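Okay, run.txt is below, compact mmCIF, C-alpha atoms:
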# COMPACT_ATOMS: atom_id res chain seq x y z
CA MET A 1 0.00 0.00 0.00
CA PRO A 2 1.47 3.40 -0.94
CA ARG A 3 2.53 5.58 1.95
CA SER A 4 0.05 8.24 0.85
CA GLN A 5 -2.75 5.82 1.71
CA ARG A 6 -1.26 5.02 5.16
CA ASN A 7 -0.79 8.53 6.58
CA ASP A 8 -2.14 8.74 10.12
CA ASN A 9 -2.01 12.42 10.88
CA PHE A 10 -4.37 15.11 9.67
CA ILE A 11 -1.71 17.28 8.01
CA ASP A 12 -0.30 14.43 5.95
CA LYS A 13 -3.77 13.27 4.97
CA SER A 14 -4.74 16.82 4.01
CA PHE A 15 -1.59 17.30 1.94
CA THR A 16 -2.16 13.99 0.19
CA VAL A 17 -5.77 14.82 -0.64
CA MET A 18 -4.82 18.28 -1.94
CA ALA A 19 -1.91 16.90 -3.97
CA ASP A 20 -4.17 14.23 -5.48
CA MET A 21 -6.77 16.87 -6.41
CA ILE A 22 -4.13 19.05 -8.04
CA LEU A 23 -2.79 16.08 -9.96
CA LYS A 24 -6.26 15.31 -11.30
CA ILE A 25 -6.75 18.79 -12.74
CA LEU A 26 -3.22 19.37 -14.02
CA PRO A 27 -2.57 18.53 -17.64
CA ALA A 28 -0.03 15.82 -16.87
CA THR A 29 0.51 12.40 -18.34
CA LYS A 30 -0.15 9.25 -16.35
CA LYS A 31 3.62 8.71 -16.13
CA GLU A 32 4.17 12.24 -14.77
CA LYS A 33 1.45 11.77 -12.18
CA GLU A 34 2.89 8.42 -11.14
CA ALA A 35 6.37 9.95 -10.81
CA PHE A 36 4.95 12.68 -8.59
CA ALA A 37 3.12 10.12 -6.43
CA TYR A 38 6.39 8.25 -5.82
CA TYR A 39 8.19 11.52 -5.10
CA ARG A 40 5.47 12.57 -2.66
CA ASP A 41 5.60 9.19 -0.93
CA GLY A 42 9.39 9.47 -0.76
CA MET A 43 9.14 12.87 0.91
CA ALA A 44 6.63 11.54 3.43
CA ALA A 45 8.81 8.53 4.24
CA GLN A 46 11.87 10.77 4.54
CA ALA A 47 10.04 13.09 6.92
CA ASP A 48 9.16 10.06 9.06
CA GLY A 49 12.79 8.90 9.12
CA GLU A 50 11.99 5.87 6.96
CA TYR A 51 15.01 6.36 4.74
CA ALA A 52 15.09 2.98 3.02
CA GLU A 53 11.46 3.40 1.99
CA ALA A 54 12.12 6.98 0.90
CA LEU A 55 15.04 5.89 -1.28
CA GLU A 56 12.92 3.17 -2.90
CA ASN A 57 10.25 5.73 -3.75
CA TYR A 58 12.79 8.23 -5.06
CA GLU A 59 14.45 5.56 -7.22
CA GLU A 60 11.08 4.65 -8.70
CA ALA A 61 10.29 8.34 -9.28
CA LEU A 62 13.62 8.70 -11.11
CA THR A 63 12.72 5.87 -13.50
CA LEU A 64 9.49 7.69 -14.39
CA GLU A 65 10.37 11.38 -14.18
CA GLU A 66 11.56 12.98 -17.40
CA ASP A 67 11.68 16.65 -16.38
CA ILE A 68 15.31 17.46 -15.53
CA TYR A 69 14.35 20.09 -12.97
CA ASP A 70 12.15 17.62 -11.09
CA ARG A 71 14.82 14.94 -11.39
CA SER A 72 17.32 17.33 -9.76
CA TYR A 73 15.13 17.59 -6.66
CA ILE A 74 14.73 13.83 -6.44
CA LEU A 75 18.51 13.42 -6.60
CA TYR A 76 18.98 16.21 -4.07
CA ASN A 77 16.64 14.47 -1.60
CA MET A 78 18.50 11.21 -2.10
CA GLY A 79 21.68 13.10 -1.22
CA LEU A 80 20.05 14.43 1.94
CA ILE A 81 19.28 10.92 3.10
CA HIS A 82 22.80 9.67 2.52
CA ALA A 83 24.31 12.73 4.20
CA SER A 84 22.11 12.26 7.24
CA ASN A 85 23.31 8.65 7.40
CA GLY A 86 26.94 9.84 7.37
CA GLU A 87 27.51 8.57 3.81
CA HIS A 88 29.09 11.82 2.67
CA LYS A 89 30.78 10.53 -0.48
CA VAL A 90 27.53 8.99 -1.69
CA ALA A 91 25.68 12.21 -0.83
CA LEU A 92 28.21 14.24 -2.82
CA GLY A 93 27.52 12.05 -5.83
CA TYR A 94 23.79 12.74 -5.64
CA TYR A 95 24.27 16.47 -5.02
CA ASN A 96 26.60 16.70 -8.02
CA GLN A 97 24.10 14.81 -10.20
CA ALA A 98 21.42 17.26 -9.09
CA LEU A 99 23.71 20.16 -10.02
CA GLU A 100 24.38 18.69 -13.45
CA LEU A 101 20.65 18.95 -14.12
CA ASN A 102 20.07 22.20 -12.22
CA PRO A 103 23.36 24.14 -11.87
CA ARG A 104 21.78 26.97 -9.90
CA MET A 105 20.44 24.79 -7.06
CA PRO A 106 21.81 26.67 -4.04
CA GLN A 107 20.81 24.06 -1.48
CA ALA A 108 22.89 21.39 -3.24
CA LEU A 109 25.84 23.78 -3.45
CA ASN A 110 25.44 24.58 0.25
CA ASN A 111 25.29 20.93 1.27
CA ILE A 112 28.40 20.12 -0.75
CA ALA A 113 30.15 23.01 1.01
CA VAL A 114 29.00 21.72 4.40
CA ILE A 115 30.52 18.31 3.68
CA TYR A 116 33.82 19.81 2.51
CA HIS A 117 33.90 22.09 5.55
CA TYR A 118 33.25 19.11 7.84
CA TRP A 119 36.07 17.17 6.20
CA GLY A 120 38.30 20.25 6.53
CA GLU A 121 37.56 20.47 10.25
CA LYS A 122 38.33 16.75 10.69
CA ALA A 123 41.60 17.09 8.77
CA ALA A 124 42.58 20.14 10.86
CA GLU A 125 41.83 18.25 14.07
CA ALA A 126 44.06 15.42 12.82
CA GLY A 127 46.88 17.91 12.18
CA ASN A 128 46.66 17.71 8.36
CA ALA A 129 46.78 21.43 7.61
CA GLU A 130 47.31 21.10 3.85
CA GLU A 131 44.45 18.61 3.45
CA ALA A 132 42.24 20.82 5.64
CA GLU A 133 43.01 23.87 3.52
CA ASN A 134 42.14 21.97 0.32
CA TYR A 135 38.74 21.05 1.76
CA PHE A 136 38.15 24.59 3.03
CA VAL A 137 38.92 25.98 -0.44
CA GLN A 138 36.35 23.63 -1.95
CA ALA A 139 33.82 24.57 0.73
CA ALA A 140 34.41 28.27 0.07
CA ASP A 141 33.99 27.85 -3.69
CA HIS A 142 30.68 26.05 -3.29
CA TRP A 143 29.38 28.48 -0.68
CA LYS A 144 30.23 31.44 -2.90
CA GLN A 145 28.21 29.89 -5.73
CA ALA A 146 25.29 29.13 -3.38
CA ILE A 147 25.31 32.68 -2.04
CA ARG A 148 25.40 34.16 -5.54
CA ASN A 149 22.30 32.12 -6.37
CA ALA A 150 20.53 32.89 -3.07
CA PRO A 151 22.08 36.06 -1.57
CA ASP A 152 19.74 36.21 1.41
CA ASN A 153 20.57 32.69 2.53
CA TYR A 154 23.53 30.99 4.17
CA ILE A 155 24.38 33.78 6.60
CA GLU A 156 26.66 31.54 8.67
CA ALA A 157 28.57 30.60 5.54
CA GLN A 158 28.85 34.27 4.59
CA ASN A 159 30.22 35.05 8.03
CA TRP A 160 32.71 32.15 7.83
CA LEU A 161 33.89 33.34 4.41
CA LYS A 162 34.41 36.88 5.73
CA ARG A 163 35.95 35.76 9.04
CA THR A 164 38.47 33.50 7.30
CA GLY A 165 39.31 36.11 4.64
CA ARG A 166 37.97 33.93 1.85
CA ALA A 167 35.54 36.58 0.62
CA LYS A 168 34.86 40.24 0.94
CA ILE A 169 31.33 41.42 1.69
CA GLU A 170 30.87 43.05 -1.71
CA SER A 171 31.71 39.82 -3.53
CA PHE A 172 28.26 38.40 -2.70
CA PHE A 173 26.26 41.06 -4.48
File written out as structure tokens:
Amino acid sequence: MPRSQRNDNFIDKSFTVMADMILKILPATKKEKEAFAYYRDGMAAQADGEYAEALENYEEALTLEEDIYDRSYILYNMGLIHASNGEHKVALGYYNQALELNPRMPQALNNIAVIYHYWGEKAAEAGNAEEAENYFVQAADHWKQAIRNAPDNYIEAQNWLKRTGRAKIESFF
């Protein structure tokens, strides 16, 4: 039984009913509607912490979804799951695939930067200054791109870039 038919709480049920109504009136093909249903079920499973189920739904949505913009969000969400499970290399792969389809996706750029920054911190703690600096450079590059695409977001990243001398305030605008 699809997750959308198992939702227990009022908000999830309401969202599902509204999404189903919208799907019925939108001029979409059966395949597009089915892809959206899997994506929606993946998001619901992900929100409930059911990551294996979410990934199964996202993988099915990817086999059906043809729109590259929508595919980028499916891949991005798959990256989120792997990152939350500590599988950073796998997450990077999904974030980069999402960026190939949607190069201006600031949240993917930000999450890549977060991973590189984390690795930089770990390398610095281990006394590997050169390795740490390489990761920090990659983090800075990705954060700068994310900030250019969404200037009002990522304030902590902007502060880190300024504090570490990796960017001047005017470079974001």
Take the point (37.2, 25.0, -3.4) as written in the file and pick out every residue within 12 Å of it, counting all atoms listed in the file; give the list as an mmCIF file with C-alpha atoms, in the frame of the given file.
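Output file result08.cif follows:
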data_model
loop_
_atom_site.group_PDB
_atom_site.id
_atom_site.type_symbol
_atom_site.label_atom_id
_atom_site.label_comp_id
_atom_site.auth_asym_id
_atom_site.auth_seq_id
_atom_site.Cartn_x
_atom_site.Cartn_y
_atom_site.Cartn_z
ATOM 1 C CA LEU A 109 25.840 23.780 -3.450
ATOM 2 C CA ILE A 112 28.400 20.120 -0.750
ATOM 3 C CA ALA A 113 30.150 23.010 1.010
ATOM 4 C CA VAL A 114 29.000 21.720 4.400
ATOM 5 C CA ILE A 115 30.520 18.310 3.680
ATOM 6 C CA TYR A 116 33.820 19.810 2.510
ATOM 7 C CA HIS A 117 33.900 22.090 5.550
ATOM 8 C CA GLY A 120 38.300 20.250 6.530
ATOM 9 C CA GLU A 131 44.450 18.610 3.450
ATOM 10 C CA ALA A 132 42.240 20.820 5.640
ATOM 11 C CA GLU A 133 43.010 23.870 3.520
ATOM 12 C CA ASN A 134 42.140 21.970 0.320
ATOM 13 C CA TYR A 135 38.740 21.050 1.760
ATOM 14 C CA PHE A 136 38.150 24.590 3.030
ATOM 15 C CA VAL A 137 38.920 25.980 -0.440
ATOM 16 C CA GLN A 138 36.350 23.630 -1.950
ATOM 17 C CA ALA A 139 33.820 24.570 0.730
ATOM 18 C CA ALA A 140 34.410 28.270 0.070
ATOM 19 C CA ASP A 141 33.990 27.850 -3.690
ATOM 20 C CA HIS A 142 30.680 26.050 -3.290
ATOM 21 C CA TRP A 143 29.380 28.480 -0.680
ATOM 22 C CA LYS A 144 30.230 31.440 -2.900
ATOM 23 C CA GLN A 145 28.210 29.890 -5.730
ATOM 24 C CA LEU A 161 33.890 33.340 4.410
ATOM 25 C CA ARG A 166 37.970 33.930 1.850
#
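Checking A:Ala167, A:Ile74, A:Leu92, A:Ala129 one by one against Ala35 (chain A), counting all atoms listed in the file, you find the shortest gap at A:Ile74.
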Open item on the list: Just checking: using all atoms listed in the file, which residue out of A:Met105, A:His82, A:Gly165, A:Lys122 ends up closest to Ile147 (chain A)?
Closed with: A:Met105
- [ ] Have a look at CA of Asn57 (chain A) and CA of Asp41 (chain A) and let me know their distance in Å, one decimal.
- [x] 6.4 Å
